[in-house]
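Participant: File name data_27.cif; file contents mmCIF, C-alpha atoms; full text below.
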```cif
data_target
loop_
_atom_site.label_atom_id
_atom_site.label_comp_id
_atom_site.auth_asym_id
_atom_site.auth_seq_id
_atom_site.Cartn_x
_atom_site.Cartn_y
_atom_site.Cartn_z
CA MET A 109 0.00 0.00 0.00
CA ARG A 110 2.81 2.37 0.90
CA HIS A 111 4.50 1.57 -2.40
CA LEU A 112 1.33 2.58 -4.25
CA LEU A 113 1.19 5.88 -2.33
CA VAL A 114 4.82 6.62 -3.17
CA ILE A 115 4.29 5.85 -6.87
CA ALA A 116 1.10 7.96 -6.94
CA SER A 117 2.92 10.84 -5.26
CA ILE A 118 5.71 10.73 -7.85
CA PHE A 119 3.18 10.96 -10.68
CA LEU A 120 1.16 13.76 -9.01
CA ILE A 121 4.11 16.04 -8.15
CA PRO A 122 4.36 17.54 -11.67
CA PHE A 123 0.64 18.31 -11.69
CA PHE A 124 0.80 20.02 -8.31
CA GLY A 125 3.77 22.04 -9.53
CA GLN A 126 1.91 23.06 -12.66
CA SER A 127 -1.17 24.08 -10.64
CA GLN A 128 0.95 26.26 -8.36
CA GLU A 129 2.57 27.91 -11.39
CA ILE A 130 -0.83 28.68 -12.95
CA GLU A 131 -2.09 30.01 -9.62
CA LYS A 132 0.86 32.42 -9.48
CA ASN A 133 -0.07 33.60 -12.95
CA PHE A 134 -3.56 34.61 -11.85
CA LYS A 135 -3.70 38.38 -11.32
CA LEU A 136 -6.67 40.44 -10.18
CA GLY A 137 -6.86 44.22 -10.17
CA PHE A 138 -8.89 47.40 -10.44
CA THR A 139 -9.11 49.83 -13.34
CA LEU A 140 -10.21 53.42 -13.82
CA SER A 141 -9.52 54.35 -17.44
CA PRO A 142 -10.47 57.35 -19.60
CA ASN A 143 -11.63 56.86 -23.17
CA LEU A 144 -12.43 58.84 -26.31
CA SER A 145 -15.37 57.69 -28.45
CA TRP A 146 -17.24 58.87 -31.53
CA SER A 147 -20.12 57.88 -33.81
CA THR A 148 -19.58 56.79 -37.39
CA ASP A 149 -21.62 58.32 -40.21
CA ASP A 150 -24.81 56.79 -41.54
CA GLY A 151 -24.78 58.32 -45.01
CA ASN A 152 -26.40 61.77 -44.79
CA ARG A 153 -28.93 60.87 -42.09
CA LEU A 154 -26.51 60.83 -39.16
CA VAL A 155 -23.16 62.63 -39.43
CA SER A 156 -20.46 62.50 -36.79
CA ASP A 157 -19.75 65.84 -35.13
CA GLY A 158 -16.68 64.96 -33.11
CA SER A 159 -15.51 62.74 -30.28
CA ARG A 160 -16.23 63.03 -26.57
CA ALA A 161 -14.45 61.80 -23.44
CA GLY A 162 -15.79 59.04 -21.20
CA PHE A 163 -14.37 56.52 -18.76
CA SER A 164 -14.63 52.96 -17.48
CA TYR A 165 -14.14 51.44 -14.05
CA GLY A 166 -14.28 47.95 -12.58
CA VAL A 167 -12.20 44.82 -12.03
CA ILE A 168 -9.79 43.10 -14.42
CA ALA A 169 -8.14 39.68 -14.39
CA ASP A 170 -5.25 37.97 -16.17
CA ILE A 171 -5.26 34.16 -16.10
CA GLY A 172 -2.09 32.45 -17.23
CA PHE A 173 -2.34 29.17 -19.16
CA ALA A 174 1.21 28.93 -20.57
CA LYS A 175 4.46 30.82 -20.20
CA ASN A 176 3.81 34.48 -21.17
CA TYR A 177 0.33 33.61 -22.51
CA TYR A 178 -2.73 34.91 -20.66
CA PHE A 179 -6.50 34.97 -20.98
CA SER A 180 -7.48 38.52 -20.01
CA THR A 181 -10.98 39.61 -19.07
CA ALA A 182 -12.75 42.27 -17.00
CA PHE A 183 -16.06 43.43 -15.60
CA THR A 184 -16.40 47.16 -16.11
CA VAL A 185 -18.98 49.91 -16.41
CA THR A 186 -18.04 51.89 -19.53
CA SER A 187 -19.41 55.32 -20.44
CA LEU A 188 -19.24 56.29 -24.12
CA GLN A 189 -20.10 59.80 -25.31
CA SER A 190 -20.26 61.14 -28.85
CA LYS A 191 -21.80 63.97 -30.85
CA ALA A 192 -23.66 63.69 -34.14
CA VAL A 193 -25.95 65.69 -36.40
CA ARG A 194 -29.29 64.29 -37.50
CA THR A 195 -29.72 66.05 -40.85
CA ASN A 196 -32.26 68.91 -40.73
CA ILE A 197 -33.44 67.83 -37.28
CA SER A 198 -30.98 68.37 -34.43
CA THR A 199 -27.48 68.15 -33.04
CA ASP A 200 -27.33 65.36 -30.47
CA GLU A 201 -24.82 64.49 -27.79
CA TYR A 202 -25.17 60.82 -26.89
CA LYS A 203 -24.37 59.46 -23.44
CA LEU A 204 -24.33 55.66 -23.44
CA GLN A 205 -23.32 53.30 -20.67
CA TYR A 206 -22.45 49.61 -20.95
CA ILE A 207 -21.42 46.70 -18.78
CA GLU A 208 -18.35 45.45 -20.65
CA ILE A 209 -16.91 41.92 -20.43
CA PRO A 210 -13.99 41.47 -22.87
CA PHE A 211 -12.51 38.12 -23.90
CA THR A 212 -8.94 38.68 -25.02
CA LEU A 213 -5.60 36.95 -25.45
CA LYS A 214 -2.68 38.80 -23.86
CA LEU A 215 0.92 37.99 -24.83
CA LYS A 216 3.57 39.23 -22.40
CA SER A 217 7.33 39.59 -22.70
CA ASN A 218 9.67 37.94 -20.24
CA PRO A 219 9.61 39.83 -16.92
CA SER A 220 12.45 42.11 -15.86
CA ASP A 221 13.16 44.05 -12.68
CA GLN A 222 11.19 47.00 -14.05
CA GLY A 223 8.26 45.05 -15.51
CA ARG A 224 7.18 43.64 -18.87
CA PHE A 225 5.46 44.60 -22.12
CA TYR A 226 2.30 43.07 -23.55
CA GLY A 227 0.11 42.92 -26.65
CA GLN A 228 -3.60 42.23 -26.55
CA PHE A 229 -6.24 41.06 -29.03
CA GLY A 230 -9.80 39.78 -28.70
CA LEU A 231 -13.54 40.41 -28.52
CA GLY A 232 -15.33 43.09 -26.54
CA THR A 233 -18.91 42.45 -25.41
CA GLY A 234 -21.20 45.06 -23.90
CA ILE A 235 -24.74 45.24 -22.52
CA ASN A 236 -26.38 48.66 -22.59
CA ILE A 237 -27.60 49.80 -19.16
CA SER A 238 -28.25 53.49 -19.86
CA ALA A 239 -28.86 55.60 -22.97
CA LYS A 240 -29.49 59.34 -22.89
CA LYS A 241 -28.89 62.33 -25.10
CA ASP A 242 -28.82 66.13 -25.08
CA ALA A 243 -30.40 67.62 -28.21
CA VAL A 244 -30.47 71.06 -29.81
CA THR A 245 -33.27 71.35 -32.39
CA PHE A 246 -32.53 73.24 -35.61
CA GLY A 247 -34.58 76.38 -36.25
CA THR A 248 -35.97 76.80 -32.73
CA ASN A 249 -32.71 76.13 -30.85
CA GLU A 250 -34.78 74.27 -28.29
CA THR A 251 -32.49 72.38 -25.92
CA LEU A 252 -33.39 69.07 -24.29
CA GLU A 253 -31.16 67.42 -21.70
CA ASP A 254 -30.84 63.82 -20.52
CA VAL A 255 -33.59 62.52 -22.76
CA SER A 256 -33.92 58.74 -22.46
CA ILE A 257 -33.30 56.95 -25.76
CA SER A 258 -33.09 53.37 -24.46
CA SER A 259 -35.73 52.24 -26.96
CA GLU A 260 -33.58 53.60 -29.83
CA VAL A 261 -30.32 51.88 -28.83
CA ASN A 262 -29.42 48.23 -29.39
CA SER A 263 -28.96 46.28 -26.16
CA VAL A 264 -25.80 44.42 -27.23
CA ARG A 265 -22.54 45.93 -28.41
CA LEU A 266 -19.69 43.87 -29.89
CA GLY A 267 -16.26 45.13 -30.86
CA LEU A 268 -12.80 44.00 -31.90
CA ILE A 269 -10.13 44.87 -29.30
CA MET A 270 -6.46 45.39 -30.08
CA GLY A 271 -3.75 47.19 -28.19
CA GLY A 272 -0.69 46.97 -26.02
CA GLY A 273 1.20 48.48 -23.13
CA ALA A 274 3.38 47.69 -20.15
CA GLU A 275 3.18 46.39 -16.60
CA TRP A 276 5.42 48.09 -14.04
CA ASN A 277 6.64 46.57 -10.79
CA VAL A 278 5.88 49.09 -8.04
CA GLY A 279 5.91 46.81 -5.02
CA ARG A 280 6.33 43.22 -3.90
CA ASN A 281 2.76 42.24 -4.85
CA LEU A 282 1.71 45.38 -6.69
CA THR A 283 1.86 45.98 -10.44
CA ALA A 284 0.75 49.10 -12.33
CA LEU A 285 -0.58 48.70 -15.86
CA THR A 286 -0.49 51.38 -18.54
CA GLY A 287 -1.56 50.82 -22.12
CA VAL A 288 -3.77 51.80 -25.02
CA THR A 289 -6.53 49.77 -26.70
CA PHE A 290 -8.72 50.42 -29.70
CA ASN A 291 -12.22 48.95 -29.48
CA ASN A 292 -13.65 48.89 -33.01
CA GLY A 293 -17.39 48.37 -32.61
CA PHE A 294 -18.88 46.31 -35.43
CA THR A 295 -22.53 46.13 -34.29
CA LYS A 296 -25.00 48.96 -34.86
CA THR A 297 -25.36 51.39 -31.96
CA PHE A 298 -28.84 52.55 -32.95
CA LYS A 299 -31.78 50.55 -34.27
CA ASP A 300 -32.66 53.10 -36.98
CA PHE A 301 -29.16 54.19 -38.04
CA ASP A 302 -26.27 52.20 -39.49
CA SER A 303 -23.85 53.89 -37.10
CA ARG A 304 -21.26 52.42 -34.74
CA ASN A 305 -19.30 53.78 -31.78
CA PRO A 306 -15.60 52.85 -31.77
CA PHE A 307 -13.45 54.15 -28.93
CA VAL A 308 -9.85 54.42 -27.75
CA THR A 309 -9.00 53.75 -24.11
CA LEU A 310 -5.99 54.80 -22.05
CA ASN A 311 -5.77 51.74 -19.80
CA LEU A 312 -4.78 52.42 -16.20
CA ALA A 313 -4.94 49.64 -13.61
CA LEU A 314 -3.41 48.20 -10.48
CA PHE A 315 -2.87 44.47 -10.05
CA PHE A 316 -2.59 43.03 -6.53
#
```
Can I see the file as structure tokens?
Facilitator:
Amino acid sequence: MRHLLVIASIFLIPFFGQSQEIEKNFKLGFTLSPNLSWSTDDGNRLVSDGSRAGFSYGVIADIGFAKNYYFSTAFTVTSLQSKAVRTNISTDEYKLQYIEIPFTLKLKSNPSDQGRFYGQFGLGTGINISAKKDAVTFGTNETLEDVSISSEVNSVRLGLIMGGGAEWNVGRNLTALTGVTFNNGFTKTFKDFDSRNPFVTLNLALFF
């Protein structure tokens, strides 16, 4: 019986070692990141009138599955703002808010004393939780603020994520992340317009 236990232990040691290595590669952190978003044109019916600043906040996680290869995800509340002109009707400033859960692959360089670099690519998924706009009507200059447009906005947003950055060692168990990602939305933002809302994010986070 003891011989069987010894043999079983010998076979299980590599698996325990691998599990401990993967556990060390699991990193959880918090993010508060500014972004810049805009609406794309829908022919002459909806014309982009510039970008607006927003932000996202929440938790992020990197899960290692091989050396320098990570599955990276997050749970964030993301605010996207943009300005567009509805031809002959009004100038609108859209204020949209999503719960974002990205599914990305993150490739990291070998670590150094200062930190490491990374590249990121994957899919962004979002569920709309708030949709409002400020509108200035042509002719009368009537101004409306925080008008709910939830019925006009699609509930699901999907986008292609690509970017990169660096992780900096700032303490024994503390890592600061800085980077830039481009989220290229490929689903329609509005039900009646063939317009999308891509955005660029300056990623700022702390891993513990």
Participant: Translate the PyMOL selection byres ((chain A and resi 247) around 10) into a concrete residue list for this structure, as a list of chain:residue names.
Facilitator: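 When the PyMOL selection byres ((chain A and resi 247) around 10) is applied to the shown file, the picked residues are A:Asn196, A:Ile197, A:Ser198, A:Val244, A:Thr245, A:Phe246, A:Thr248, A:Asn249, A:Glu250.
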Participant: Check which residues satisfy the PyMOL selection byres ((chain A and resi 264-270) around 8) in the file shown, then give them as a tab-separated table (two decimals) with C-alpha atoms, in the coordinates of the input.
Facilitator:
```
chain	number	residue	atom	x	y	z
A	212	THR	CA	-8.94	38.68	-25.02
A	227	GLY	CA	0.11	42.92	-26.65
A	228	GLN	CA	-3.60	42.23	-26.55
A	229	PHE	CA	-6.24	41.06	-29.03
A	230	GLY	CA	-9.80	39.78	-28.70
A	231	LEU	CA	-13.54	40.41	-28.52
A	232	GLY	CA	-15.33	43.09	-26.54
A	233	THR	CA	-18.91	42.45	-25.41
A	234	GLY	CA	-21.20	45.06	-23.90
A	235	ILE	CA	-24.74	45.24	-22.52
A	236	ASN	CA	-26.38	48.66	-22.59
A	262	ASN	CA	-29.42	48.23	-29.39
A	263	SER	CA	-28.96	46.28	-26.16
A	271	GLY	CA	-3.75	47.19	-28.19
A	272	GLY	CA	-0.69	46.97	-26.02
A	289	THR	CA	-6.53	49.77	-26.70
A	290	PHE	CA	-8.72	50.42	-29.70
A	291	ASN	CA	-12.22	48.95	-29.48
A	292	ASN	CA	-13.65	48.89	-33.01
A	293	GLY	CA	-17.39	48.37	-32.61
A	294	PHE	CA	-18.88	46.31	-35.43
A	295	THR	CA	-22.53	46.13	-34.29
A	296	LYS	CA	-25.00	48.96	-34.86
A	297	THR	CA	-25.36	51.39	-31.96
A	306	PRO	CA	-15.60	52.85	-31.77
```
Participant: Since I can't run it myself right now, could you work out what the PyMOL selection byres ((chain A and resi 141-148) around 6) selects here and report it as a list in words?
Facilitator: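 Going through the file, the PyMOL selection byres ((chain A and resi 141-148) around 6) ends up selecting Leu140, Asp149, Ser156, Ser159, Arg160, Ala161, Gly162, Phe163, Ser164, Leu188, Ser190, Ser303, Arg304, Asn305, Pro306, Phe307, Val308, Thr309, Leu310, Asn311 and Leu312 of chain A.
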Participant: Can you measure CA of Lys203 (chain A) to CA of Gly166 (chain A) for me? One decimal in Å is fine.
Facilitator: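 Answer for the CA of Lys203 (chain A) to CA of Gly166 (chain A) separation: 18.8 Å.
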Participant: So that I can see what lies close to Trp276 (chain A), please list as a list in words the residues with an atom at most 6 Å from it, counting all atoms listed in the file and leaving out residues fewer than 2 positions away in the same chain.
Facilitator: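 Residues near the query, excluding close chain neighbours: Gln222, Gly223, Thr283 and Ala284 of chain A.
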Participant: Using Å and a single decimal, report how far CA of Glu201 (chain A) sits from CA of Ile257 (chain A).
Facilitator: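 Atom-to-atom, CA of Ile257 (chain A) and CA of Glu201 (chain A) are spaced 11.5 Å apart.
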Participant: Please report the interatomic distance between CA of Phe173 (chain A) and CA of Pro210 (chain A) in Å with one decimal.
Facilitator: 17.3 Å
Participant: Which of these residues is nearest to Arg280 (chain A), using only C-alpha atoms: A:Lys241, A:Asp221, A:Ser187, A:Tyr226?
Facilitator: A:Asp221
Participant: Can you list, as a list in words, every protein, DNA or RNA residue that comes within 6 Å of Leu136 (chain A) when you count only C-alpha atoms, leaving out same-chain residues fewer than 2 positions away?
Facilitator: Ile168, Ala169 and Phe315 of chain A
Participant: With all atoms listed in the file counted, which protein, DNA or RNA residues have an atom no more than 9 Å from (-29.8, 65.2, -23.6) in the file frame? Please answer as number ranges by chain.
Facilitator: A: 200-203, 240-244, 251-256
Participant: Counting only C-alpha atoms, find residues at most 8 Å from (2.7, 45.7, -22.0) (file frame) and give them as a list of chain:residue names.
Facilitator: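 Returned residue set, sorted by chain then number, is A:Lys216, A:Ser217, A:Arg224, A:Phe225, A:Tyr226, A:Gly227, A:Gly272, A:Gly273, A:Ala274, A:Glu275, A:Leu285, A:Thr286, A:Gly287.
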Participant: May I ask which of the residues A:Gly158, A:Phe138, A:Gln205, A:Asn176 is the closest one to Ser238 (chain A), counting all atoms listed in the file?
Facilitator: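 Closest candidate: A:Gln205.
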Participant: Which residue is closest to Ile171 (chain A)? Choose from A:Phe183, A:Glu208, A:Lys214, A:Lys191 and count only C-alpha atoms.
Facilitator: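 Once distances to Ile171 (chain A) are computed over only C-alpha atoms, the minimum belongs to A:Lys214.
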